[in-house]
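S.K.: The following block contains the structure, expressed as structure tokens.
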Amino acid sequence: MEHRDEAVALLKAMGFEHSAARAALEWCSGNVEASANFLLNGHPSFAASGTSGSFEAVSSAEVRNIHCPLSQYSLEAGQSSCTCIAMTNALHFLRSSNHISDLSPEFLQCALLAGNQTYLKIARNRTVEHMSAEEALDSGEFQCLELIGSVRQGIISRDDQHPLGFAVQLQECKSERFWTCVLITKTPESVVICLPPSSETEYVLIDSHPRSHLFGTEGSYARIHFSLSALVDSLKQIFPMTDLGSDVPELMAAMYNSFDLYAFQYKQILA
């Protein structure tokens, strides 16, 4: 209760009403940053639904969810291990022979536990609150993930055709022949996207964070979409654009709404 009161006080200090702050925190499972984003943006699902229920921007016909009861917060130092977990999900998915068919609660739990152990191994008892993808790659633990091109920078935008937005950036990461996994990081969170080759049509989002306020998922989950636009809708819910107001410089607003993308394909390592 004390932590929730502190969170309410933080939101009130930003200028929000007490009742709105409490409701937003309830909706966002106590996450202050997500609550502030919801309040700043006047999120339609929040306004319409109050503080309960889950929000779907796309129809169930376009999305299929696979749930795991565990999330990163179930594990030791799990709050800091999401990048390693996301990269482990990418590694396991890319080296799978059946890809989509192999996704299951067991798949998610295995990657969750393995990614967390990798984080603990790399961190070696150091406090690494938000491990970067570069640090994880430099550790040598992900040698089978081949970074395709350079790291991309994107900007969260309400315009789906924005050249730096999710849709355009992900489309540019796609391969004609191979599955590609894209790590998306927006501090302090990382998720992984699995982009199909031209012969496939399913787009996968794998996330170790519980998103009960968005998708009704209490643990980690894989969200399978049957179009790129449906995937982008899910990403916009996880990473909503924050309108900082007209008095904030445009460059600063763009930096606040920026994200990084790392496109990976599987690299066979010969012994």
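Residue numbering restarts at 1 for every chain of the structure tokens, chains are lettered A, B, ... in their displayed order, and ligands are numbered from 1 as they appear.
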Going by DSSP on the backbone, which residues of segment 25-238 of chain A come out as strand (DSSP E)? List them as a ChimeraX atom specification.
M.R.: /A:63-67,145-147,152-155,180-186,189-195,203-207,221-225
S.K.: When distances are computed from only C-alpha atoms, which of A:Gln143, A:Ser227, A:Asn257, A:Gln268 shows the smallest separation from Gly165 of chain A?
M.R.: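 Selected residue with least distance to Gly165 of chain A: A:Asn257.
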S.K.: Give me the residues near segment 84-96 of chain A as a ChimeraX atom specification, where near means some atom within 6 Å (using only C-alpha atoms) and where sequence neighbours in that chain fewer than 3 positions away do not count.
M.R.: /A:81,99,111-112,115,119,181,191-192,266
S.K.: Can you write just those residues out, N, CA and C atoms, as a CSV table (one decimal), in the first residue's frame?
M.R.:
chain,number,residue,atom,x,y,z
A,81,SER,N,16.0,-8.5,-16.3
A,81,SER,CA,16.5,-9.5,-17.3
A,81,SER,C,15.7,-9.6,-18.6
A,99,HIS,N,9.1,-23.4,-35.9
A,99,HIS,CA,8.7,-22.0,-35.6
A,99,HIS,C,7.4,-21.9,-34.9
A,111,ALA,N,12.4,-20.5,-22.3
A,111,ALA,CA,13.1,-19.3,-22.7
A,111,ALA,C,13.2,-18.3,-21.6
A,112,LEU,N,12.1,-18.2,-20.8
A,112,LEU,CA,12.1,-17.3,-19.6
A,112,LEU,C,13.2,-17.7,-18.6
A,115,GLY,N,16.8,-17.4,-20.3
A,115,GLY,CA,17.2,-16.0,-20.4
A,115,GLY,C,17.5,-15.4,-19.1
A,119,TYR,N,21.1,-13.8,-18.0
A,119,TYR,CA,21.3,-12.5,-17.4
A,119,TYR,C,22.1,-12.6,-16.1
A,181,CYS,N,14.1,-12.3,-36.4
A,181,CYS,CA,13.6,-11.8,-35.1
A,181,CYS,C,14.1,-10.4,-34.8
A,191,VAL,N,11.0,-6.3,-26.0
A,191,VAL,CA,10.1,-7.4,-26.5
A,191,VAL,C,10.8,-7.9,-27.8
A,192,VAL,N,10.4,-9.1,-28.3
A,192,VAL,CA,10.9,-9.6,-29.5
A,192,VAL,C,9.8,-9.8,-30.5
A,266,TYR,N,19.3,-16.5,-37.6
A,266,TYR,CA,20.1,-17.6,-36.9
A,266,TYR,C,21.4,-17.9,-37.7
S.K.: With segment 124-140 of chain A as the partner and 12 Å as the cut-off, tabulate the residues of segment 155-270 of chain A that qualify, each row holding the nearest pair of atoms and their distance in Å to one decimal, using only C-alpha atoms, sorted by chain and rising number, as CSV.
M.R.:
residue,atom,partner,partner_atom,distance
A:Val182,CA,A:Ala133,CA,11.5
A:Leu183,CA,A:Ala133,CA,8.4
A:Ile184,CA,A:Ala133,CA,9.7
A:Thr185,CA,A:Ala133,CA,8.4
A:Lys186,CA,A:Ser132,CA,10.5
A:Thr187,CA,A:His130,CA,7.5
A:Pro188,CA,A:His130,CA,6.3
A:Glu189,CA,A:His130,CA,8.3
A:Ser190,CA,A:Ala133,CA,9.3
A:Val191,CA,A:Ala133,CA,11.5
A:Val192,CA,A:Ala133,CA,11.8
A:Asp260,CA,A:Ala133,CA,9.8
A:Leu261,CA,A:Ala133,CA,9.8
A:Tyr262,CA,A:Ala133,CA,8.2
A:Ala263,CA,A:Ala133,CA,11.3
A:Phe264,CA,A:Leu137,CA,11.3
S.K.: Store the residues picked out above in a file with C-alpha atoms, as a PDB file, in the first residue's frame.
M.R.:
ATOM      1  CA  VAL A 182      13.631  -8.174 -34.127  1.00  0.00           C
ATOM      2  CA  LEU A 183      14.453  -7.074 -30.606  1.00  0.00           C
ATOM      3  CA  ILE A 184      12.605  -3.852 -29.798  1.00  0.00           C
ATOM      4  CA  THR A 185      13.872  -1.939 -26.794  1.00  0.00           C
ATOM      5  CA  LYS A 186      12.358   1.134 -25.233  1.00  0.00           C
ATOM      6  CA  THR A 187      13.939   1.561 -21.833  1.00  0.00           C
ATOM      7  CA  PRO A 188      13.154  -0.075 -19.515  1.00  0.00           C
ATOM      8  CA  GLU A 189      11.387  -2.743 -21.598  1.00  0.00           C
ATOM      9  CA  SER A 190      12.326  -5.146 -24.382  1.00  0.00           C
ATOM     10  CA  VAL A 191      10.130  -7.418 -26.498  1.00  0.00           C
ATOM     11  CA  VAL A 192      10.906  -9.578 -29.508  1.00  0.00           C
ATOM     12  CA  ASP A 260      15.761   0.739 -30.950  1.00  0.00           C
ATOM     13  CA  LEU A 261      15.488  -2.297 -33.218  1.00  0.00           C
ATOM     14  CA  TYR A 262      17.977  -5.153 -33.564  1.00  0.00           C
ATOM     15  CA  ALA A 263      17.219  -7.555 -36.419  1.00  0.00           C
ATOM     16  CA  PHE A 264      18.585 -11.087 -35.961  1.00  0.00           C
TER      17      PHE A 264
END
S.K.: When DSSP works through the backbone of this structure, what residues of segment 155-254 of chain A end up as alpha helix (DSSP H), shown as an mmCIF file with C-alpha atoms, in the first residue's frame?
M.R.:
data_model
loop_
_atom_site.group_PDB
_atom_site.id
_atom_site.type_symbol
_atom_site.label_atom_id
_atom_site.label_comp_id
_atom_site.auth_asym_id
_atom_site.auth_seq_id
_atom_site.Cartn_x
_atom_site.Cartn_y
_atom_site.Cartn_z
ATOM 1 C CA PHE A 166 6.853 0.450 -36.259
ATOM 2 C CA ALA A 167 5.240 -0.620 -39.544
ATOM 3 C CA VAL A 168 7.865 0.761 -41.910
ATOM 4 C CA GLN A 169 10.823 -0.244 -39.761
ATOM 5 C CA LEU A 170 9.605 -3.823 -39.332
ATOM 6 C CA GLN A 171 8.793 -4.156 -43.016
ATOM 7 C CA GLU A 172 12.356 -3.126 -43.823
ATOM 8 C CA CYS A 173 13.697 -5.798 -41.448
ATOM 9 C CA SER A 212 -3.157 -8.054 -17.830
ATOM 10 C CA HIS A 213 -4.367 -4.494 -18.447
ATOM 11 C CA LEU A 214 -3.883 -4.896 -22.201
ATOM 12 C CA PHE A 215 -4.203 -8.525 -23.233
ATOM 13 C CA LEU A 228 1.525 -6.768 -39.917
ATOM 14 C CA SER A 229 -1.095 -4.135 -39.106
ATOM 15 C CA ALA A 230 -2.467 -6.278 -36.271
ATOM 16 C CA LEU A 231 1.060 -6.648 -34.891
ATOM 17 C CA VAL A 232 1.600 -2.893 -35.053
ATOM 18 C CA ASP A 233 -1.664 -2.353 -33.159
ATOM 19 C CA SER A 234 -0.357 -4.573 -30.352
ATOM 20 C CA LEU A 235 2.956 -2.710 -30.256
ATOM 21 C CA LYS A 236 1.159 0.617 -30.020
ATOM 22 C CA GLN A 237 -0.672 -0.633 -26.957
ATOM 23 C CA ILE A 238 2.544 -1.743 -25.274
ATOM 24 C CA GLU A 250 10.216 18.598 -30.951
ATOM 25 C CA LEU A 251 13.606 16.896 -30.689
ATOM 26 C CA MET A 252 13.096 16.127 -27.006
ATOM 27 C CA ALA A 253 9.628 14.723 -27.698
ATOM 28 C CA ALA A 254 11.057 12.521 -30.467
#
